[in-house]
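S.K.: For reference, the file upload.txt (compact mmCIF, N, CA and C atoms) is included below:
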# COMPACT_ATOMS: atom_id res chain seq x y z
N MET A 125 58.35 -7.12 181.57
CA MET A 125 59.12 -6.88 182.76
C MET A 125 60.61 -7.10 182.52
N LYS A 126 60.95 -8.11 181.71
CA LYS A 126 62.36 -8.39 181.44
C LYS A 126 63.00 -7.27 180.62
N THR A 127 62.25 -6.64 179.74
CA THR A 127 62.82 -5.54 178.97
C THR A 127 63.10 -4.33 179.86
N GLY A 128 62.33 -4.11 180.89
CA GLY A 128 62.57 -3.01 181.83
C GLY A 128 63.85 -3.22 182.61
N ILE A 129 64.08 -4.44 183.04
CA ILE A 129 65.31 -4.76 183.77
C ILE A 129 66.51 -4.63 182.85
N LEU A 130 66.36 -5.13 181.62
CA LEU A 130 67.44 -5.05 180.65
C LEU A 130 67.74 -3.59 180.29
N THR A 131 66.71 -2.79 180.15
CA THR A 131 66.89 -1.37 179.84
C THR A 131 67.63 -0.66 180.97
N ARG A 132 67.21 -0.92 182.20
CA ARG A 132 67.89 -0.30 183.35
C ARG A 132 69.34 -0.75 183.45
N PHE A 133 69.57 -2.02 183.20
CA PHE A 133 70.93 -2.55 183.24
C PHE A 133 71.80 -1.88 182.17
N LEU A 134 71.30 -1.77 180.95
CA LEU A 134 72.06 -1.14 179.88
C LEU A 134 72.28 0.35 180.15
N PHE A 135 71.28 1.02 180.72
CA PHE A 135 71.43 2.43 181.07
C PHE A 135 72.50 2.60 182.14
N GLY A 136 72.48 1.77 183.16
CA GLY A 136 73.50 1.83 184.22
C GLY A 136 74.88 1.53 183.68
N LEU A 137 74.98 0.56 182.80
CA LEU A 137 76.26 0.20 182.20
C LEU A 137 76.80 1.35 181.35
N SER A 138 75.91 2.01 180.61
CA SER A 138 76.35 3.13 179.78
C SER A 138 76.82 4.30 180.65
N LEU A 139 76.13 4.56 181.77
CA LEU A 139 76.56 5.62 182.69
C LEU A 139 77.93 5.30 183.27
N LEU A 140 78.15 4.06 183.64
CA LEU A 140 79.44 3.63 184.17
C LEU A 140 80.53 3.81 183.13
N LEU A 141 80.24 3.47 181.90
CA LEU A 141 81.20 3.61 180.82
C LEU A 141 81.53 5.08 180.57
N VAL A 142 80.53 5.95 180.55
CA VAL A 142 80.76 7.38 180.37
C VAL A 142 81.60 7.93 181.52
N TYR A 143 81.31 7.53 182.73
CA TYR A 143 82.09 7.97 183.89
C TYR A 143 83.53 7.51 183.77
N GLN A 144 83.74 6.28 183.38
CA GLN A 144 85.09 5.73 183.26
C GLN A 144 85.87 6.46 182.18
N VAL A 145 85.26 6.75 181.04
CA VAL A 145 85.93 7.44 179.95
C VAL A 145 86.27 8.87 180.36
N SER A 146 85.34 9.56 181.01
CA SER A 146 85.61 10.93 181.42
C SER A 146 86.66 10.97 182.53
N TYR A 147 86.69 9.98 183.39
CA TYR A 147 87.67 9.95 184.46
C TYR A 147 89.06 9.70 183.90
N SER A 148 89.18 8.84 182.90
CA SER A 148 90.49 8.51 182.35
C SER A 148 91.03 9.63 181.47
N GLN A 149 90.23 10.59 181.09
CA GLN A 149 90.66 11.67 180.22
C GLN A 149 91.08 12.90 181.02
N SER A 150 91.70 12.71 182.14
CA SER A 150 92.13 13.82 182.96
C SER A 150 93.57 14.19 182.64
N VAL A 151 93.85 15.48 182.67
CA VAL A 151 95.20 15.96 182.41
C VAL A 151 96.03 15.98 183.70
N LEU A 152 95.40 15.72 184.84
CA LEU A 152 96.11 15.73 186.12
C LEU A 152 97.22 14.70 186.12
N GLY A 153 98.34 15.06 186.73
CA GLY A 153 99.45 14.13 186.85
C GLY A 153 100.73 14.75 186.33
N THR A 154 101.75 13.93 186.23
CA THR A 154 103.07 14.37 185.80
C THR A 154 103.35 13.84 184.40
N TRP A 155 103.72 14.73 183.50
CA TRP A 155 103.93 14.41 182.10
C TRP A 155 105.35 14.80 181.69
N GLN A 156 106.01 13.92 180.95
CA GLN A 156 107.36 14.20 180.46
C GLN A 156 107.30 14.49 178.96
N LEU A 157 107.93 15.59 178.57
CA LEU A 157 108.01 15.95 177.16
C LEU A 157 108.98 14.98 176.48
N VAL A 158 108.50 14.27 175.46
CA VAL A 158 109.35 13.31 174.76
C VAL A 158 109.69 13.78 173.35
N LYS A 159 108.86 14.65 172.79
CA LYS A 159 109.16 15.16 171.46
C LYS A 159 108.49 16.51 171.27
N GLU A 160 109.23 17.41 170.63
CA GLU A 160 108.72 18.73 170.31
C GLU A 160 108.99 18.98 168.84
N ILE A 161 107.94 19.24 168.08
CA ILE A 161 108.06 19.46 166.65
C ILE A 161 107.84 20.94 166.40
N THR A 162 108.83 21.59 165.80
CA THR A 162 108.71 23.01 165.49
C THR A 162 108.18 23.19 164.08
N CYS A 163 107.83 24.41 163.75
CA CYS A 163 107.30 24.70 162.41
C CYS A 163 108.36 24.43 161.34
N MET A 164 109.60 24.71 161.67
CA MET A 164 110.67 24.48 160.70
C MET A 164 110.82 22.99 160.41
N GLU A 165 110.79 22.18 161.45
CA GLU A 165 110.89 20.73 161.26
C GLU A 165 109.70 20.20 160.48
N ASP A 166 108.54 20.79 160.74
CA ASP A 166 107.31 20.36 160.08
C ASP A 166 107.38 20.61 158.57
N LYS A 167 108.02 21.71 158.16
CA LYS A 167 108.08 22.07 156.75
C LYS A 167 109.22 21.38 156.01
N MET A 168 110.22 20.91 156.74
CA MET A 168 111.36 20.28 156.09
C MET A 168 110.97 18.92 155.53
N THR A 169 111.51 18.61 154.36
CA THR A 169 111.30 17.28 153.80
C THR A 169 112.30 16.34 154.45
N ALA A 170 111.82 15.22 154.89
CA ALA A 170 112.66 14.28 155.63
C ALA A 170 113.57 13.51 154.68
N SER A 171 114.83 13.56 154.99
CA SER A 171 115.82 12.72 154.30
C SER A 171 116.75 12.18 155.36
N GLY A 172 117.54 11.21 155.01
CA GLY A 172 118.44 10.60 155.98
C GLY A 172 119.42 11.60 156.57
N ASP A 173 120.00 12.47 155.72
CA ASP A 173 120.96 13.46 156.19
C ASP A 173 120.30 14.50 157.07
N THR A 174 119.10 14.94 156.69
CA THR A 174 118.38 15.95 157.46
C THR A 174 118.00 15.41 158.84
N ASP A 175 117.48 14.18 158.88
CA ASP A 175 117.11 13.57 160.16
C ASP A 175 118.32 13.41 161.06
N ALA A 176 119.44 13.00 160.50
CA ALA A 176 120.65 12.83 161.30
C ALA A 176 121.13 14.17 161.85
N LEU A 177 121.05 15.22 161.03
CA LEU A 177 121.47 16.55 161.47
C LEU A 177 120.56 17.07 162.58
N ILE A 178 119.26 16.88 162.43
CA ILE A 178 118.30 17.33 163.46
C ILE A 178 118.55 16.59 164.77
N ASN A 179 118.74 15.28 164.73
CA ASN A 179 119.00 14.50 165.94
C ASN A 179 120.31 14.92 166.59
N GLU A 180 121.33 15.20 165.79
CA GLU A 180 122.61 15.63 166.34
C GLU A 180 122.49 16.98 167.03
N MET A 181 121.73 17.90 166.41
CA MET A 181 121.54 19.22 167.01
C MET A 181 120.75 19.12 168.32
N LYS A 182 119.76 18.24 168.36
CA LYS A 182 118.97 18.07 169.58
C LYS A 182 119.81 17.49 170.71
N GLN A 183 120.73 16.60 170.38
CA GLN A 183 121.60 16.02 171.40
C GLN A 183 122.55 17.05 171.97
N MET A 184 122.89 18.06 171.18
CA MET A 184 123.82 19.09 171.63
C MET A 184 123.14 20.17 172.45
N SER A 185 121.82 20.13 172.53
CA SER A 185 121.10 21.17 173.26
C SER A 185 121.43 21.09 174.75
N PRO A 186 121.41 22.22 175.45
CA PRO A 186 121.79 22.24 176.86
C PRO A 186 120.78 21.56 177.78
N SER A 187 119.62 21.21 177.29
CA SER A 187 118.58 20.63 178.12
C SER A 187 118.75 19.10 178.19
N ALA A 188 119.69 18.65 179.01
CA ALA A 188 119.94 17.22 179.14
C ALA A 188 119.01 16.57 180.15
N SER A 189 118.46 17.35 181.06
CA SER A 189 117.56 16.78 182.07
C SER A 189 116.17 16.60 181.49
N ALA A 190 115.40 15.77 182.14
CA ALA A 190 114.04 15.49 181.68
C ALA A 190 113.18 16.75 181.82
N GLN A 191 112.41 17.04 180.80
CA GLN A 191 111.50 18.17 180.83
C GLN A 191 110.14 17.65 181.27
N VAL A 192 109.71 18.09 182.46
CA VAL A 192 108.53 17.54 183.09
C VAL A 192 107.54 18.65 183.42
N VAL A 193 106.26 18.37 183.18
CA VAL A 193 105.17 19.27 183.55
C VAL A 193 104.24 18.52 184.48
N LYS A 194 103.87 19.16 185.58
CA LYS A 194 102.94 18.55 186.53
C LYS A 194 101.68 19.40 186.60
N PHE A 195 100.55 18.77 186.26
CA PHE A 195 99.25 19.43 186.38
C PHE A 195 98.63 18.97 187.69
N LYS A 196 98.42 19.94 188.59
CA LYS A 196 97.89 19.63 189.92
C LYS A 196 96.41 19.99 189.99
N GLU A 197 95.83 19.69 191.15
CA GLU A 197 94.43 20.04 191.42
C GLU A 197 94.27 21.57 191.42
N LYS A 198 93.06 22.02 191.25
CA LYS A 198 92.66 23.42 191.36
C LYS A 198 93.37 24.33 190.34
N GLY A 199 93.78 23.77 189.19
CA GLY A 199 94.34 24.60 188.14
C GLY A 199 95.76 25.07 188.34
N ASN A 200 96.48 24.47 189.27
CA ASN A 200 97.88 24.83 189.48
C ASN A 200 98.76 23.86 188.71
N GLY A 201 99.89 24.37 188.25
CA GLY A 201 100.83 23.53 187.53
C GLY A 201 102.26 23.91 187.84
N GLU A 202 103.16 23.02 187.50
CA GLU A 202 104.57 23.24 187.75
C GLU A 202 105.35 22.59 186.62
N GLU A 203 106.39 23.26 186.14
CA GLU A 203 107.23 22.69 185.09
C GLU A 203 108.69 22.79 185.48
N SER A 204 109.47 21.79 185.05
CA SER A 204 110.89 21.76 185.40
C SER A 204 111.68 22.81 184.63
N THR A 205 111.34 22.99 183.36
CA THR A 205 111.91 24.05 182.53
C THR A 205 110.75 24.69 181.79
N ARG A 206 111.01 25.78 181.11
CA ARG A 206 109.94 26.46 180.38
C ARG A 206 109.52 25.62 179.18
N ILE A 207 108.42 24.89 179.31
CA ILE A 207 107.91 24.04 178.24
C ILE A 207 106.63 24.65 177.68
N LEU A 208 105.70 24.94 178.54
CA LEU A 208 104.41 25.50 178.13
C LEU A 208 104.37 27.01 178.28
N THR A 209 105.02 27.53 179.31
CA THR A 209 105.00 28.97 179.54
C THR A 209 106.24 29.58 178.91
N LYS A 210 106.07 30.69 178.24
CA LYS A 210 107.19 31.37 177.59
C LYS A 210 107.58 32.65 178.30
N LYS A 211 106.71 33.14 179.17
CA LYS A 211 106.94 34.39 179.85
C LYS A 211 107.96 34.21 180.97
N ARG A 212 108.91 35.11 181.04
CA ARG A 212 109.90 35.06 182.11
C ARG A 212 109.35 35.81 183.32
N THR A 213 109.23 35.10 184.42
CA THR A 213 108.77 35.71 185.66
C THR A 213 109.72 35.33 186.78
N ALA A 214 109.50 35.88 187.96
CA ALA A 214 110.37 35.56 189.08
C ALA A 214 110.28 34.08 189.44
N ASN A 215 109.08 33.54 189.43
CA ASN A 215 108.89 32.13 189.74
C ASN A 215 108.30 31.45 188.49
N ASN A 216 109.16 31.17 187.52
CA ASN A 216 108.67 30.69 186.25
C ASN A 216 108.36 29.20 186.23
N LYS A 217 108.53 28.51 187.32
CA LYS A 217 108.23 27.09 187.35
C LYS A 217 106.77 26.81 187.67
N ASN A 218 106.10 27.73 188.32
CA ASN A 218 104.69 27.56 188.68
C ASN A 218 103.81 28.34 187.72
N PHE A 219 102.65 27.79 187.43
CA PHE A 219 101.71 28.46 186.54
C PHE A 219 100.30 28.02 186.87
N LEU A 220 99.33 28.72 186.31
CA LEU A 220 97.92 28.36 186.41
C LEU A 220 97.47 27.85 185.06
N TYR A 221 96.49 26.95 185.06
CA TYR A 221 95.97 26.44 183.79
C TYR A 221 94.47 26.18 183.91
N LYS A 222 93.82 26.12 182.75
CA LYS A 222 92.43 25.69 182.64
C LYS A 222 92.38 24.68 181.51
N PHE A 223 91.66 23.61 181.74
CA PHE A 223 91.54 22.55 180.75
C PHE A 223 90.08 22.17 180.61
N ASN A 224 89.57 22.19 179.37
CA ASN A 224 88.16 21.86 179.16
C ASN A 224 87.96 20.59 178.33
N GLY A 225 89.02 19.84 178.10
CA GLY A 225 88.92 18.61 177.31
C GLY A 225 89.43 18.78 175.90
N GLU A 226 89.32 20.00 175.36
CA GLU A 226 89.79 20.27 174.00
C GLU A 226 90.89 21.32 173.97
N THR A 227 90.89 22.22 174.94
CA THR A 227 91.84 23.32 174.96
C THR A 227 92.53 23.39 176.32
N LEU A 228 93.83 23.63 176.29
CA LEU A 228 94.62 23.84 177.49
C LEU A 228 95.07 25.29 177.49
N LEU A 229 94.61 26.05 178.46
CA LEU A 229 94.95 27.47 178.57
C LEU A 229 95.95 27.67 179.69
N ILE A 230 97.03 28.38 179.41
CA ILE A 230 98.01 28.74 180.43
C ILE A 230 97.72 30.18 180.83
N LEU A 231 97.59 30.40 182.14
CA LEU A 231 97.16 31.71 182.65
C LEU A 231 98.27 32.39 183.42
N ASP A 232 98.26 33.72 183.39
CA ASP A 232 99.15 34.52 184.20
C ASP A 232 98.71 34.37 185.66
N LYS A 233 99.67 34.20 186.56
CA LYS A 233 99.32 33.94 187.96
C LYS A 233 98.66 35.15 188.63
N LYS A 234 99.07 36.35 188.29
CA LYS A 234 98.51 37.53 188.95
C LYS A 234 97.17 37.94 188.35
N SER A 235 97.17 38.19 187.05
CA SER A 235 95.95 38.71 186.42
C SER A 235 95.00 37.62 185.94
N GLN A 236 95.48 36.39 185.87
CA GLN A 236 94.73 35.23 185.38
C GLN A 236 94.24 35.42 183.94
N THR A 237 95.00 36.20 183.16
CA THR A 237 94.72 36.33 181.74
C THR A 237 95.45 35.22 180.99
N ILE A 238 94.97 34.89 179.82
CA ILE A 238 95.56 33.80 179.03
C ILE A 238 96.89 34.27 178.45
N THR A 239 97.95 33.51 178.73
CA THR A 239 99.26 33.82 178.16
C THR A 239 99.60 32.88 177.01
N ASP A 240 99.16 31.64 177.07
CA ASP A 240 99.38 30.66 176.00
C ASP A 240 98.14 29.78 175.89
N SER A 241 97.93 29.28 174.69
CA SER A 241 96.77 28.42 174.45
C SER A 241 97.20 27.26 173.57
N PHE A 242 96.75 26.06 173.94
CA PHE A 242 97.10 24.85 173.20
C PHE A 242 95.84 24.06 172.89
N MET A 243 95.78 23.52 171.68
CA MET A 243 94.71 22.61 171.29
C MET A 243 95.17 21.20 171.65
N VAL A 244 94.31 20.43 172.28
CA VAL A 244 94.66 19.05 172.65
C VAL A 244 94.31 18.16 171.47
N ASP A 245 95.34 17.64 170.81
CA ASP A 245 95.14 16.76 169.67
C ASP A 245 94.79 15.35 170.11
N LYS A 246 95.43 14.90 171.20
CA LYS A 246 95.16 13.55 171.72
C LYS A 246 95.40 13.55 173.22
N LEU A 247 94.50 12.92 173.93
CA LEU A 247 94.66 12.72 175.37
C LEU A 247 94.20 11.32 175.70
N SER A 248 95.12 10.52 176.21
CA SER A 248 94.77 9.18 176.67
C SER A 248 95.34 9.02 178.07
N THR A 249 95.22 7.84 178.62
CA THR A 249 95.69 7.62 179.99
C THR A 249 97.21 7.74 180.09
N ASP A 250 97.94 7.57 178.98
CA ASP A 250 99.40 7.61 179.06
C ASP A 250 100.06 8.59 178.10
N SER A 251 99.30 9.30 177.26
CA SER A 251 99.93 10.25 176.34
C SER A 251 99.08 11.50 176.17
N LEU A 252 99.77 12.59 175.89
CA LEU A 252 99.15 13.89 175.68
C LEU A 252 99.86 14.57 174.52
N ILE A 253 99.10 14.95 173.50
CA ILE A 253 99.67 15.65 172.35
C ILE A 253 98.94 16.98 172.22
N VAL A 254 99.71 18.08 172.28
CA VAL A 254 99.13 19.41 172.18
C VAL A 254 99.80 20.19 171.07
N SER A 255 99.04 21.08 170.44
CA SER A 255 99.55 21.98 169.41
C SER A 255 99.26 23.41 169.84
N SER A 256 100.19 24.29 169.56
CA SER A 256 99.99 25.70 169.88
C SER A 256 98.82 26.24 169.07
N SER A 257 97.93 26.98 169.72
CA SER A 257 96.78 27.56 169.01
C SER A 257 97.22 28.64 168.03
N SER A 258 98.26 29.38 168.37
CA SER A 258 98.73 30.45 167.49
C SER A 258 99.61 29.91 166.36
N ARG A 259 100.28 28.78 166.59
CA ARG A 259 101.13 28.15 165.58
C ARG A 259 100.86 26.66 165.58
N PRO A 260 99.84 26.21 164.86
CA PRO A 260 99.44 24.80 164.90
C PRO A 260 100.54 23.82 164.45
N CYS A 261 101.55 24.33 163.75
CA CYS A 261 102.63 23.44 163.32
C CYS A 261 103.58 23.12 164.48
N GLU A 262 103.47 23.80 165.61
CA GLU A 262 104.29 23.49 166.79
C GLU A 262 103.53 22.50 167.67
N THR A 263 104.09 21.31 167.79
CA THR A 263 103.43 20.23 168.51
C THR A 263 104.35 19.72 169.61
N ARG A 264 103.74 19.38 170.74
CA ARG A 264 104.49 18.79 171.86
C ARG A 264 103.84 17.47 172.23
N ILE A 265 104.67 16.46 172.40
CA ILE A 265 104.19 15.12 172.75
C ILE A 265 104.71 14.78 174.15
N PHE A 266 103.77 14.43 175.03
CA PHE A 266 104.10 14.10 176.41
C PHE A 266 103.68 12.66 176.71
N LEU A 267 104.44 12.01 177.59
CA LEU A 267 104.06 10.71 178.14
C LEU A 267 103.86 10.87 179.64
N LYS A 268 102.86 10.19 180.17
CA LYS A 268 102.55 10.31 181.60
C LYS A 268 103.52 9.46 182.39
N LEU A 269 104.07 10.04 183.44
CA LEU A 269 104.96 9.31 184.35
C LEU A 269 104.11 8.60 185.39
N LYS A 270 104.34 7.34 185.57
CA LYS A 270 103.48 6.53 186.47
C LYS A 270 103.72 6.82 187.94
N ASN A 271 104.95 6.75 188.38
CA ASN A 271 105.25 6.87 189.81
C ASN A 271 106.00 8.16 190.10
N ALA A 272 105.48 9.27 189.64
CA ALA A 272 106.14 10.55 189.87
C ALA A 272 105.73 11.10 191.22
N LYS A 273 106.66 11.79 191.85
CA LYS A 273 106.40 12.38 193.17
C LYS A 273 106.01 13.82 193.02
Starting from the file, lay out its structure as structure tokens.

M.R.:
Amino acid sequence: MKTGILTRFLFGLSLLLVYQVSYSQSVLGTWQLVKEITCMEDKMTASGDTDALINEMKQMSPSASAQVVKFKEKGNGEESTRILTKKRTANNKNFLYKFNGETLLILDKKSQTITDSFMVDKLSTDSLIVSSSSRPCETRIFLKLKNAK
């Protein structure tokens, strides 16, 4: 009788753990782009002069404001600048997405066809790392914003 109770307890605990892990692996929320690695940067050999030049060029870029992506319920998303979507549209800040745990698909709002595809390299409660499916050397690193509106 004690093994039956122990078995049920362990089964319930494992279900709770699976639920907690799947719940914490959600892409919903507001994410800030903190680093973007291009194919050129990926191929360059790192030296002190090269790193300094890359950092100086990044500081001179016109994008001084925070680059933020918000993944909302029902597959809707919004971005402050073009981070994930490359297509120029009238309302380029809003987009549709599908996420299955391994792949993040960006969809056209009208036809709902795939416009961009990203492989999810890492997803935790506070970080998201994605690589372009067409160019795996292009990587974007996001941190989750806690109190975003």

S.K.: Which residue, A:Phe219, A:Trp155, A:Phe266, A:Phe195, has the smallest gap to Val254 (chain A) when you use all atoms listed in the file?

M.R.: A:Phe266

S.K.: What is the distance between CA of Ile253 (chain A) and atom C of Gln191 (chain A), in Å to one decimal?

M.R.: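 Atom C of Gln191 (chain A) lies at a distance of 13.9 Å from CA of Ile253 (chain A).
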
S.K.: Have a look at CA of Lys194 (chain A) and CA of Glu160 (chain A) and let me know their distance in Å, one decimal.

M.R.: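 Interatomic distance, CA of Lys194 (chain A) to CA of Glu160 (chain A): 17.2 Å.
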
S.K.: In file coordinates, which residues lie within 9 Å of (109.5, 16.7, 170.0) using only C-alpha atoms, given as a list of chain:residue names?

M.R.: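 It turns out the residues near that spot are A:Leu157, A:Val158, A:Lys159, A:Glu160, A:Ile161, A:Thr162, A:Thr263, A:Arg264, A:Ile265, A:Phe266.
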
S.K.: Figure out the distance between CA of Leu228 (chain A) and CA of Cys261 (chain A), please, to one decimal in Å.

M.R.: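 Atom-to-atom, CA of Cys261 (chain A) and CA of Leu228 (chain A) are spaced 16.3 Å apart.
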
S.K.: Find the spatial neighbours of Ser256 (chain A), counting only C-alpha atoms, within a cut-off of 8 Å - ignore same-chain residues fewer than 5 positions away - and output them as a list in words.

M.R.: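 Counting only the stated atoms, we get Asp240, Ser241, Phe242, Met243, Cys261, Glu262 and Thr263 of chain A.
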
S.K.: Around all listed atoms of region 242-253 of chain A, padded 5 Å per side, what centre and edge lengths does the axis-aligned box have in Å to one decimal, as JSON?

M.R.:
{"center_x": 97.1, "center_y": 16.8, "center_z": 174.9, "size_x": 15.9, "size_y": 28.5, "size_z": 20.4}

S.K.: Could you give me, as a PyMOL selection string, the residues within 8 Å of Val151 (chain A), counting all atoms listed in the file and dropping anything in the same chain fewer than 3 positions from it?

M.R.: chain A and resi 147-148+154-155+194-196+223+225+247

S.K.: Name the residues within 7 Å of (106.0, 22.0, 180.3), counting only N, CA and C atoms in the file's coordinates, and put them as an MDAnalysis selection string.

M.R.: chainID A and resid 157 191:194 202:209

S.K.: Given only C-alpha atoms as the basis, pick out the residue of A:Met164, A:Leu252, A:Leu267, A:Leu152 nearest to Lys222 (chain A).

M.R.: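 Looking at the shortest contact to Lys222 (chain A), the residue is A:Leu152.
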